[in-house]
Amino acid sequence: MTWGRLPLFVWATYATAIIQTLATPVVGITLLLVIMERVFGVGIFNPNMGGDPVLYEHLFWFYSHPVVYIMVLPAFGVIGEIIPVFSRKPIFGYKAMVFSILAIGFLSFIVWAHHMFMSGVNPFISNFFVVFTLIIAVPSAVKVFNWITTIYRGNLRLNAASLFAIGFVSMFISGGLTGIFLGNSAIDIQMHDTYFVVAHFHIVMGVAAFFGMFAGVYHWFPKMYTRFMNETLGKIHFWGTMIGAYAIFWPMHYIGLAGVPRRYYSYTSFESFRHFGEINQFITIAAIVTFAFQLVFVVNFFYSIWKGRKQTTQNPYGATTLEWTAPIEPTHGNWEGKLPAVQRWAYDYGREDGEGNDFISQLEPLKDGETDGGGH
Ligand SMILES: [Cu+2]
């Protein structure tokens, strides 16, 4: 194995691990400071005790912005594995994908105050955070472009896993575009604490991260239980969730733009919000229906553990990566005897291996004169 042969999922978990290591201690320290204040009466955040509440916001968001990427980067990795398998094509722009993952990981640490444009921070300082927030759109767009280019003219196989992978790309685009609005301090001051923020955030990080998880579970379920999940139930789950999630969050953008604030117990006391009652009702019903579709997933999951179709071939999807070279029922250490050595990058799809397959396993040595795909 070399760095250039690592599957994108490994790169994504690597970047996630770095963020976790550097960001999580900050919230730990913040909690200790809260304890110092509450238990020992040391004024740190409470203005009545001489503290500064904006300091708490800084510490909280220095942790909580990177955390968004802790939740969504692994989903990037999952999608990066599933899309080439079901498009039967090499991932487009491997090096750009790796660079984007690392760039997003780094940038996630220098944008935290985009959550604080309304907290009274100096507008000049806000500009710094606006610029770096908008720069994150660049590696994000590179990733979206490469996922779509990988799918483009591929020999697509649509199943629950690949549908959720494609759905992820759709959600990430929809939620990402509104991030460009909110990342601008001038627009954010208007949008702050409205339903527009709720819609943006839940699509890009909530729904998209869940789609990544679902794609991964459907895809790697046989590796966990040696059985497949039911495809029909999987597709019902996908369409219910895809249409349901848009039904919940699409209208939310409009009531947000109209100025309806979040976190209010009741809107009926405000004359101007009354005519949004029906949209709110629609959103509530859509949320309940979408939740019901998640029960299809839960039933499918537990049913398939014991009663799912048995995995009979070692590599059912024709994937190049290592996990599909392990025995169906793995022994201790996954492989018997010596660990296999990786010989090439993870995305040799759409190539004859000489045995009638349209992919070349990572265990197959490079032929004479052949260069590693990861180097391109
Ligand atoms: Cu943020």
# chains A, B, ... in the order shown; residues from 1 in each chain; ligands from 1
$ residues_around --residues "Thr325 (chain A)" --least-positions-apart "4" --cutoff "10 Å" --atoms "only C-alpha atoms" --output "MDAnalysis selection string"
chainID A and resid 314:315 319:321 334:335 340 361:363
$ write_last_selection --atoms "N, CA, C and O atoms" --output "mmCIF file, in the first residue's frame"
data_model
loop_
_atom_site.group_PDB
_atom_site.id
_atom_site.type_symbol
_atom_site.label_atom_id
_atom_site.label_comp_id
_atom_site.auth_asym_id
_atom_site.auth_seq_id
_atom_site.Cartn_x
_atom_site.Cartn_y
_atom_site.Cartn_z
ATOM 1 N N GLN A 314 -17.702 -14.067 -3.403
ATOM 2 C CA GLN A 314 -16.844 -13.269 -2.530
ATOM 3 C C GLN A 314 -16.936 -11.782 -2.858
ATOM 4 O O GLN A 314 -16.902 -10.941 -1.961
ATOM 5 N N ASN A 315 -17.073 -11.473 -4.160
ATOM 6 C CA ASN A 315 -17.013 -10.075 -4.603
ATOM 7 C C ASN A 315 -18.251 -9.761 -5.449
ATOM 8 O O ASN A 315 -18.178 -9.622 -6.662
ATOM 9 N N ALA A 319 -15.926 -5.317 -7.203
ATOM 10 C CA ALA A 319 -15.182 -4.156 -6.699
ATOM 11 C C ALA A 319 -13.700 -4.466 -6.660
ATOM 12 O O ALA A 319 -13.297 -5.621 -6.544
ATOM 13 N N THR A 320 -12.874 -3.428 -6.779
ATOM 14 C CA THR A 320 -11.425 -3.634 -6.825
ATOM 15 C C THR A 320 -10.796 -3.685 -5.431
ATOM 16 O O THR A 320 -9.670 -4.140 -5.291
ATOM 17 N N THR A 321 -11.512 -3.179 -4.433
ATOM 18 C CA THR A 321 -10.868 -2.908 -3.143
ATOM 19 C C THR A 321 -10.724 -4.157 -2.272
ATOM 20 O O THR A 321 -11.402 -5.154 -2.464
ATOM 21 N N ASN A 334 -9.211 -11.252 9.383
ATOM 22 C CA ASN A 334 -9.822 -11.142 8.051
ATOM 23 C C ASN A 334 -9.247 -12.083 6.992
ATOM 24 O O ASN A 334 -9.982 -12.762 6.306
ATOM 25 N N TRP A 335 -7.912 -12.084 6.823
ATOM 26 C CA TRP A 335 -7.337 -12.956 5.797
ATOM 27 C C TRP A 335 -6.579 -14.080 6.472
ATOM 28 O O TRP A 335 -5.917 -13.867 7.494
ATOM 29 N N PRO A 340 -2.592 -9.707 2.467
ATOM 30 C CA PRO A 340 -2.349 -9.433 1.047
ATOM 31 C C PRO A 340 -1.649 -8.084 0.869
ATOM 32 O O PRO A 340 -1.826 -7.183 1.692
ATOM 33 N N SER A 361 -8.437 -6.113 -9.722
ATOM 34 C CA SER A 361 -8.345 -6.054 -8.259
ATOM 35 C C SER A 361 -7.057 -5.349 -7.817
ATOM 36 O O SER A 361 -6.051 -5.385 -8.516
ATOM 37 N N GLN A 362 -7.135 -4.734 -6.637
ATOM 38 C CA GLN A 362 -5.949 -4.058 -6.083
ATOM 39 C C GLN A 362 -4.811 -5.038 -5.792
ATOM 40 O O GLN A 362 -3.685 -4.621 -5.569
ATOM 41 N N LEU A 363 -5.113 -6.326 -5.775
ATOM 42 C CA LEU A 363 -4.085 -7.328 -5.467
ATOM 43 C C LEU A 363 -3.298 -7.748 -6.715
ATOM 44 O O LEU A 363 -2.287 -8.425 -6.622
#
$ select_by_dssp --residues "region 72-274 of chain A" --states "helix (DSSP H, G or I)" --output "number ranges by chain"
A: 72-87, 94-107, 112-115, 123-135, 137-151, 160-183, 185-191, 195-225, 231-257, 271-274
$ residues_around --residues "Thr16 (chain A)" --least-positions-apart "2" --cutoff "8 Å" --atoms "only C-alpha atoms" --output "ChimeraX atom specification"
/A:12-14,18-20,69-70,73-74,105
$ write_last_selection --atoms "N, CA and C atoms" --output "PDB file, in the first residue's frame"
ATOM      1  N   ALA A  12     -10.688  10.028   3.593  1.00  0.00           N
ATOM      2  CA  ALA A  12     -11.721  10.810   4.270  1.00  0.00           C
ATOM      3  C   ALA A  12     -11.711  10.544   5.768  1.00  0.00           C
ATOM      4  N   THR A  13     -11.540   9.275   6.163  1.00  0.00           N
ATOM      5  CA  THR A  13     -11.507   8.979   7.598  1.00  0.00           C
ATOM      6  C   THR A  13     -10.234   9.534   8.233  1.00  0.00           C
ATOM      7  N   TYR A  14      -9.151   9.569   7.437  1.00  0.00           N
ATOM      8  CA  TYR A  14      -7.890  10.133   7.919  1.00  0.00           C
ATOM      9  C   TYR A  14      -8.068  11.622   8.235  1.00  0.00           C
ATOM     10  N   ILE A  18      -7.987  13.676  11.924  1.00  0.00           N
ATOM     11  CA  ILE A  18      -7.176  14.859  12.236  1.00  0.00           C
ATOM     12  C   ILE A  18      -8.073  15.950  12.840  1.00  0.00           C
ATOM     13  N   ILE A  19      -9.243  16.159  12.223  1.00  0.00           N
ATOM     14  CA  ILE A  19     -10.153  17.197  12.721  1.00  0.00           C
ATOM     15  C   ILE A  19     -10.605  16.853  14.139  1.00  0.00           C
ATOM     16  N   GLN A  20     -10.954  15.577  14.342  1.00  0.00           N
ATOM     17  CA  GLN A  20     -11.405  15.168  15.681  1.00  0.00           C
ATOM     18  C   GLN A  20     -10.331  15.430  16.721  1.00  0.00           C
ATOM     19  N   TYR A  69     -17.753  18.877   9.514  1.00  0.00           N
ATOM     20  CA  TYR A  69     -16.983  18.061   8.579  1.00  0.00           C
ATOM     21  C   TYR A  69     -16.674  16.694   9.142  1.00  0.00           C
ATOM     22  N   ILE A  70     -16.623  16.566  10.479  1.00  0.00           N
ATOM     23  CA  ILE A  70     -16.485  15.232  11.072  1.00  0.00           C
ATOM     24  C   ILE A  70     -17.681  14.384  10.651  1.00  0.00           C
ATOM     25  N   LEU A  73     -17.523  14.385   6.146  1.00  0.00           N
ATOM     26  CA  LEU A  73     -16.375  13.860   5.392  1.00  0.00           C
ATOM     27  C   LEU A  73     -16.421  12.340   5.207  1.00  0.00           C
ATOM     28  N   PRO A  74     -16.747  11.545   6.260  1.00  0.00           N
ATOM     29  CA  PRO A  74     -16.838  10.097   6.023  1.00  0.00           C
ATOM     30  C   PRO A  74     -17.856   9.753   4.944  1.00  0.00           C
ATOM     31  N   GLY A 105     -10.596  19.880   5.224  1.00  0.00           N
ATOM     32  CA  GLY A 105     -10.208  19.631   6.611  1.00  0.00           C
ATOM     33  C   GLY A 105      -9.471  20.824   7.197  1.00  0.00           C
TER      34      GLY A 105
END
$ residues_near_ligand --ligand "ligand 1" --cutoff "8 Å" --atoms "only C-alpha atoms and all ligand atoms" --output "PyMOL selection string"
chain A and resi 61+64-66+68+108+111-115
$ residues_around --residues "region 215-231 of chain A" --least-positions-apart "4" --cutoff "7 Å" --atoms "only C-alpha atoms" --output "PDB file with all heavy atoms, in the first residue's frame"
ATOM      1  N   VAL A  78     -17.460   7.458   1.607  1.00  0.00           N
ATOM      2  CA  VAL A  78     -18.364   6.361   1.238  1.00  0.00           C
ATOM      3  C   VAL A  78     -18.813   6.529  -0.214  1.00  0.00           C
ATOM      4  O   VAL A  78     -18.766   5.590  -1.017  1.00  0.00           O
ATOM      5  CB  VAL A  78     -19.581   6.322   2.192  1.00  0.00           C
ATOM      6  CG1 VAL A  78     -20.661   5.396   1.647  1.00  0.00           C
ATOM      7  CG2 VAL A  78     -19.158   5.889   3.593  1.00  0.00           C
ATOM      8  N   ASN A 159     -28.948   0.506  -7.634  1.00  0.00           N
ATOM      9  CA  ASN A 159     -29.525  -0.252  -6.517  1.00  0.00           C
ATOM     10  C   ASN A 159     -29.625   0.706  -5.331  1.00  0.00           C
ATOM     11  O   ASN A 159     -29.319   1.902  -5.470  1.00  0.00           O
ATOM     12  CB  ASN A 159     -28.681  -1.485  -6.200  1.00  0.00           C
ATOM     13  CG  ASN A 159     -27.272  -1.122  -5.812  1.00  0.00           C
ATOM     14  OD1 ASN A 159     -26.954   0.041  -5.624  1.00  0.00           O
ATOM     15  ND2 ASN A 159     -26.417  -2.114  -5.701  1.00  0.00           N
ATOM     16  N   ALA A 160     -30.059   0.204  -4.193  1.00  0.00           N
ATOM     17  CA  ALA A 160     -30.283   1.109  -3.055  1.00  0.00           C
ATOM     18  C   ALA A 160     -29.021   1.902  -2.720  1.00  0.00           C
ATOM     19  O   ALA A 160     -29.086   3.111  -2.494  1.00  0.00           O
ATOM     20  CB  ALA A 160     -30.761   0.303  -1.852  1.00  0.00           C
ATOM     21  N   ALA A 161     -27.854   1.212  -2.728  1.00  0.00           N
ATOM     22  CA  ALA A 161     -26.611   1.893  -2.342  1.00  0.00           C
ATOM     23  C   ALA A 161     -26.269   3.002  -3.335  1.00  0.00           C
ATOM     24  O   ALA A 161     -25.953   4.132  -2.935  1.00  0.00           O
ATOM     25  CB  ALA A 161     -25.467   0.891  -2.255  1.00  0.00           C
ATOM     26  N   SER A 162     -26.343   2.697  -4.646  1.00  0.00           N
ATOM     27  CA  SER A 162     -25.935   3.723  -5.618  1.00  0.00           C
ATOM     28  C   SER A 162     -26.978   4.832  -5.706  1.00  0.00           C
ATOM     29  O   SER A 162     -26.626   5.991  -5.942  1.00  0.00           O
ATOM     30  CB  SER A 162     -25.672   3.102  -6.988  1.00  0.00           C
ATOM     31  OG  SER A 162     -26.810   2.454  -7.479  1.00  0.00           O
ATOM     32  N   PHE A 164     -28.717   5.992  -3.174  1.00  0.00           N
ATOM     33  CA  PHE A 164     -28.420   6.881  -2.044  1.00  0.00           C
ATOM     34  C   PHE A 164     -27.139   7.688  -2.309  1.00  0.00           C
ATOM     35  O   PHE A 164     -27.033   8.839  -1.886  1.00  0.00           O
ATOM     36  CB  PHE A 164     -28.309   6.097  -0.735  1.00  0.00           C
ATOM     37  CG  PHE A 164     -29.627   5.995  -0.009  1.00  0.00           C
ATOM     38  CD1 PHE A 164     -30.297   4.788   0.073  1.00  0.00           C
ATOM     39  CD2 PHE A 164     -30.201   7.106   0.573  1.00  0.00           C
ATOM     40  CE1 PHE A 164     -31.527   4.699   0.723  1.00  0.00           C
ATOM     41  CE2 PHE A 164     -31.423   7.026   1.230  1.00  0.00           C
ATOM     42  CZ  PHE A 164     -32.091   5.815   1.302  1.00  0.00           C
ATOM     43  N   ALA A 165     -26.169   7.089  -3.015  1.00  0.00           N
ATOM     44  CA  ALA A 165     -24.944   7.823  -3.342  1.00  0.00           C
ATOM     45  C   ALA A 165     -25.256   8.997  -4.264  1.00  0.00           C
ATOM     46  O   ALA A 165     -24.778  10.118  -4.057  1.00  0.00           O
ATOM     47  CB  ALA A 165     -23.925   6.878  -3.988  1.00  0.00           C
ATOM     48  N   PHE A 211     -27.687  10.207   4.030  1.00  0.00           N
ATOM     49  CA  PHE A 211     -27.652   9.511   2.739  1.00  0.00           C
ATOM     50  C   PHE A 211     -26.335   8.746   2.600  1.00  0.00           C
ATOM     51  O   PHE A 211     -26.317   7.627   2.100  1.00  0.00           O
ATOM     52  CB  PHE A 211     -27.825  10.507   1.574  1.00  0.00           C
ATOM     53  CG  PHE A 211     -29.264  10.725   1.183  1.00  0.00           C
ATOM     54  CD1 PHE A 211     -30.238  10.890   2.154  1.00  0.00           C
ATOM     55  CD2 PHE A 211     -29.649  10.766  -0.144  1.00  0.00           C
ATOM     56  CE1 PHE A 211     -31.570  11.098   1.807  1.00  0.00           C
ATOM     57  CE2 PHE A 211     -30.973  10.966  -0.507  1.00  0.00           C
ATOM     58  CZ  PHE A 211     -31.934  11.134   0.470  1.00  0.00           C
ATOM     59  N   LYS A 235     -35.146   0.409  -2.212  1.00  0.00           N
ATOM     60  CA  LYS A 235     -35.534   1.436  -3.184  1.00  0.00           C
ATOM     61  C   LYS A 235     -36.754   2.219  -2.700  1.00  0.00           C
ATOM     62  O   LYS A 235     -36.831   3.440  -2.898  1.00  0.00           O
ATOM     63  CB  LYS A 235     -35.803   0.804  -4.550  1.00  0.00           C
ATOM     64  CG  LYS A 235     -34.509   0.474  -5.272  1.00  0.00           C
ATOM     65  CD  LYS A 235     -34.741  -0.243  -6.579  1.00  0.00           C
ATOM     66  CE  LYS A 235     -33.396  -0.602  -7.208  1.00  0.00           C
ATOM     67  NZ  LYS A 235     -33.529  -1.656  -8.220  1.00  0.00           N
ATOM     68  N   ASN A 300     -36.115  -3.596   7.315  1.00  0.00           N
ATOM     69  CA  ASN A 300     -35.244  -4.248   6.332  1.00  0.00           C
ATOM     70  C   ASN A 300     -33.917  -4.653   6.980  1.00  0.00           C
ATOM     71  O   ASN A 300     -33.437  -5.766   6.786  1.00  0.00           O
ATOM     72  CB  ASN A 300     -35.010  -3.274   5.168  1.00  0.00           C
ATOM     73  CG  ASN A 300     -34.321  -3.928   3.980  1.00  0.00           C
ATOM     74  OD1 ASN A 300     -34.025  -5.116   3.994  1.00  0.00           O
ATOM     75  ND2 ASN A 300     -34.064  -3.138   2.943  1.00  0.00           N
ATOM     76  N   PHE A 301     -33.364  -3.761   7.788  1.00  0.00           N
ATOM     77  CA  PHE A 301     -32.064  -4.002   8.422  1.00  0.00           C
ATOM     78  C   PHE A 301     -32.113  -5.258   9.298  1.00  0.00           C
ATOM     79  O   PHE A 301     -31.323  -6.184   9.132  1.00  0.00           O
ATOM     80  CB  PHE A 301     -31.668  -2.773   9.258  1.00  0.00           C
ATOM     81  CG  PHE A 301     -30.278  -2.842   9.823  1.00  0.00           C
ATOM     82  CD1 PHE A 301     -29.200  -2.326   9.119  1.00  0.00           C
ATOM     83  CD2 PHE A 301     -30.045  -3.418  11.064  1.00  0.00           C
ATOM     84  CE1 PHE A 301     -27.916  -2.385   9.640  1.00  0.00           C
ATOM     85  CE2 PHE A 301     -28.771  -3.486  11.587  1.00  0.00           C
ATOM     86  CZ  PHE A 301     -27.700  -2.961  10.881  1.00  0.00           C
ATOM     87  N   SER A 304     -32.998  -8.500   7.412  1.00  0.00           N
ATOM     88  CA  SER A 304     -31.921  -9.009   6.566  1.00  0.00           C
ATOM     89  C   SER A 304     -30.776  -9.631   7.367  1.00  0.00           C
ATOM     90  O   SER A 304     -30.052 -10.478   6.844  1.00  0.00           O
ATOM     91  CB  SER A 304     -31.371  -7.888   5.678  1.00  0.00           C
ATOM     92  OG  SER A 304     -32.407  -7.338   4.897  1.00  0.00           O
ATOM     93  N   ILE A 305     -30.623  -9.223   8.609  1.00  0.00           N
ATOM     94  CA  ILE A 305     -29.556  -9.825   9.425  1.00  0.00           C
ATOM     95  C   ILE A 305     -29.755 -11.337   9.498  1.00  0.00           C
ATOM     96  O   ILE A 305     -28.812 -12.111   9.361  1.00  0.00           O
ATOM     97  CB  ILE A 305     -29.536  -9.209  10.846  1.00  0.00           C
ATOM     98  CG1 ILE A 305     -29.052  -7.761  10.791  1.00  0.00           C
ATOM     99  CG2 ILE A 305     -28.634 -10.023  11.769  1.00  0.00           C
ATOM    100  CD1 ILE A 305     -29.059  -7.066  12.149  1.00  0.00           C
ATOM    101  N   GLY A 308     -32.032 -12.278   5.263  1.00  0.00           N
ATOM    102  CA  GLY A 308     -31.660 -11.702   3.966  1.00  0.00           C
ATOM    103  C   GLY A 308     -31.060 -12.728   3.015  1.00  0.00           C
ATOM    104  O   GLY A 308     -30.646 -13.816   3.452  1.00  0.00           O
ATOM    105  N   ARG A 309     -31.016 -12.364   1.733  1.00  0.00           N
ATOM    106  CA  ARG A 309     -30.400 -13.261   0.740  1.00  0.00           C
ATOM    107  C   ARG A 309     -28.927 -13.465   1.103  1.00  0.00           C
ATOM    108  O   ARG A 309     -28.200 -12.512   1.385  1.00  0.00           O
ATOM    109  CB  ARG A 309     -30.527 -12.625  -0.646  1.00  0.00           C
ATOM    110  CG  ARG A 309     -29.930 -13.453  -1.780  1.00  0.00           C
ATOM    111  CD  ARG A 309     -30.411 -12.939  -3.134  1.00  0.00           C
ATOM    112  NE  ARG A 309     -29.965 -11.564  -3.396  1.00  0.00           N
ATOM    113  CZ  ARG A 309     -28.779 -11.254  -3.947  1.00  0.00           C
ATOM    114  NH1 ARG A 309     -27.927 -12.209  -4.262  1.00  0.00           N
ATOM    115  NH2 ARG A 309     -28.463  -9.992  -4.174  1.00  0.00           N
ATOM    116  N   LYS A 310     -28.501 -14.729   1.098  1.00  0.00           N
ATOM    117  CA  LYS A 310     -27.153 -15.077   1.526  1.00  0.00           C
ATOM    118  C   LYS A 310     -26.128 -14.608   0.484  1.00  0.00           C
ATOM    119  O   LYS A 310     -26.389 -14.673  -0.718  1.00  0.00           O
ATOM    120  CB  LYS A 310     -27.108 -16.603   1.662  1.00  0.00           C
ATOM    121  CG  LYS A 310     -26.042 -17.159   2.582  1.00  0.00           C
ATOM    122  CD  LYS A 310     -26.296 -17.074   4.037  1.00  0.00           C
ATOM    123  CE  LYS A 310     -25.095 -17.674   4.773  1.00  0.00           C
ATOM    124  NZ  LYS A 310     -24.481 -16.761   5.726  1.00  0.00           N
ATOM    125  N   GLN A 311     -24.982 -14.123   0.962  1.00  0.00           N
ATOM    126  CA  GLN A 311     -23.898 -13.759   0.042  1.00  0.00           C
ATOM    127  C   GLN A 311     -23.200 -15.038  -0.408  1.00  0.00           C
ATOM    128  O   GLN A 311     -22.654 -15.772   0.424  1.00  0.00           O
ATOM    129  CB  GLN A 311     -22.905 -12.832   0.752  1.00  0.00           C
ATOM    130  CG  GLN A 311     -21.802 -12.326  -0.157  1.00  0.00           C
ATOM    131  CD  GLN A 311     -20.701 -11.611   0.615  1.00  0.00           C
ATOM    132  OE1 GLN A 311     -20.821 -11.402   1.823  1.00  0.00           O
ATOM    133  NE2 GLN A 311     -19.629 -11.256  -0.066  1.00  0.00           N
ATOM    134  N   ILE A 328     -15.891 -14.729   2.665  1.00  0.00           N
ATOM    135  CA  ILE A 328     -17.240 -14.271   2.978  1.00  0.00           C
ATOM    136  C   ILE A 328     -17.467 -14.267   4.498  1.00  0.00           C
ATOM    137  O   ILE A 328     -18.013 -13.328   5.050  1.00  0.00           O
ATOM    138  CB  ILE A 328     -18.291 -15.150   2.270  1.00  0.00           C
ATOM    139  CG1 ILE A 328     -18.177 -14.969   0.752  1.00  0.00           C
ATOM    140  CG2 ILE A 328     -19.708 -14.795   2.731  1.00  0.00           C
ATOM    141  CD1 ILE A 328     -19.054 -15.888  -0.054  1.00  0.00           C
ATOM    142  N   GLU A 329     -17.027 -15.373   5.140  1.00  0.00           N
ATOM    143  CA  GLU A 329     -17.102 -15.402   6.609  1.00  0.00           C
ATOM    144  C   GLU A 329     -15.684 -15.285   7.128  1.00  0.00           C
ATOM    145  O   GLU A 329     -14.972 -16.272   7.232  1.00  0.00           O
ATOM    146  CB  GLU A 329     -17.775 -16.705   7.076  1.00  0.00           C
ATOM    147  CG  GLU A 329     -19.170 -16.825   6.492  1.00  0.00           C
ATOM    148  CD  GLU A 329     -20.146 -17.518   7.427  1.00  0.00           C
ATOM    149  OE1 GLU A 329     -19.843 -17.633   8.635  1.00  0.00           O
ATOM    150  OE2 GLU A 329     -21.207 -17.943   6.929  1.00  0.00           O
TER     151      GLU A 329
END
$ atom_distance --atom1 "CA of Met71 (chain A)" --atom2 "CA of Gly259 (chain A)"
28.7 Å
$ select_by_dssp --residues "region 173-350 of chain A" --states "strand (DSSP E or B)" --output "MDAnalysis selection string"
chainID A and resid 194 227 261 310 331 334 349
$ atom_distance --atom1 "CA of Pro47 (chain A)" --atom2 "CA of Met118 (chain A)"
18.1 Å
$ closest_residue --among "A:Leu22, A:Leu32, A:Val342, A:Met49" --to "Gly4 (chain A)" --atoms "only C-alpha atoms"
A:Val342
$ residues_around --residues "region 276-282 of chain A" --least-positions-apart "5" --cutoff "12 Å" --atoms "only C-alpha atoms" --output "PyMOL selection string"
chain A and resi 195+244+246-262+266-271+287-289
$ atom_distance --atom1 "CA of Ile166 (chain A)" --atom2 "CA of Ser140 (chain A)"
15.5 Å
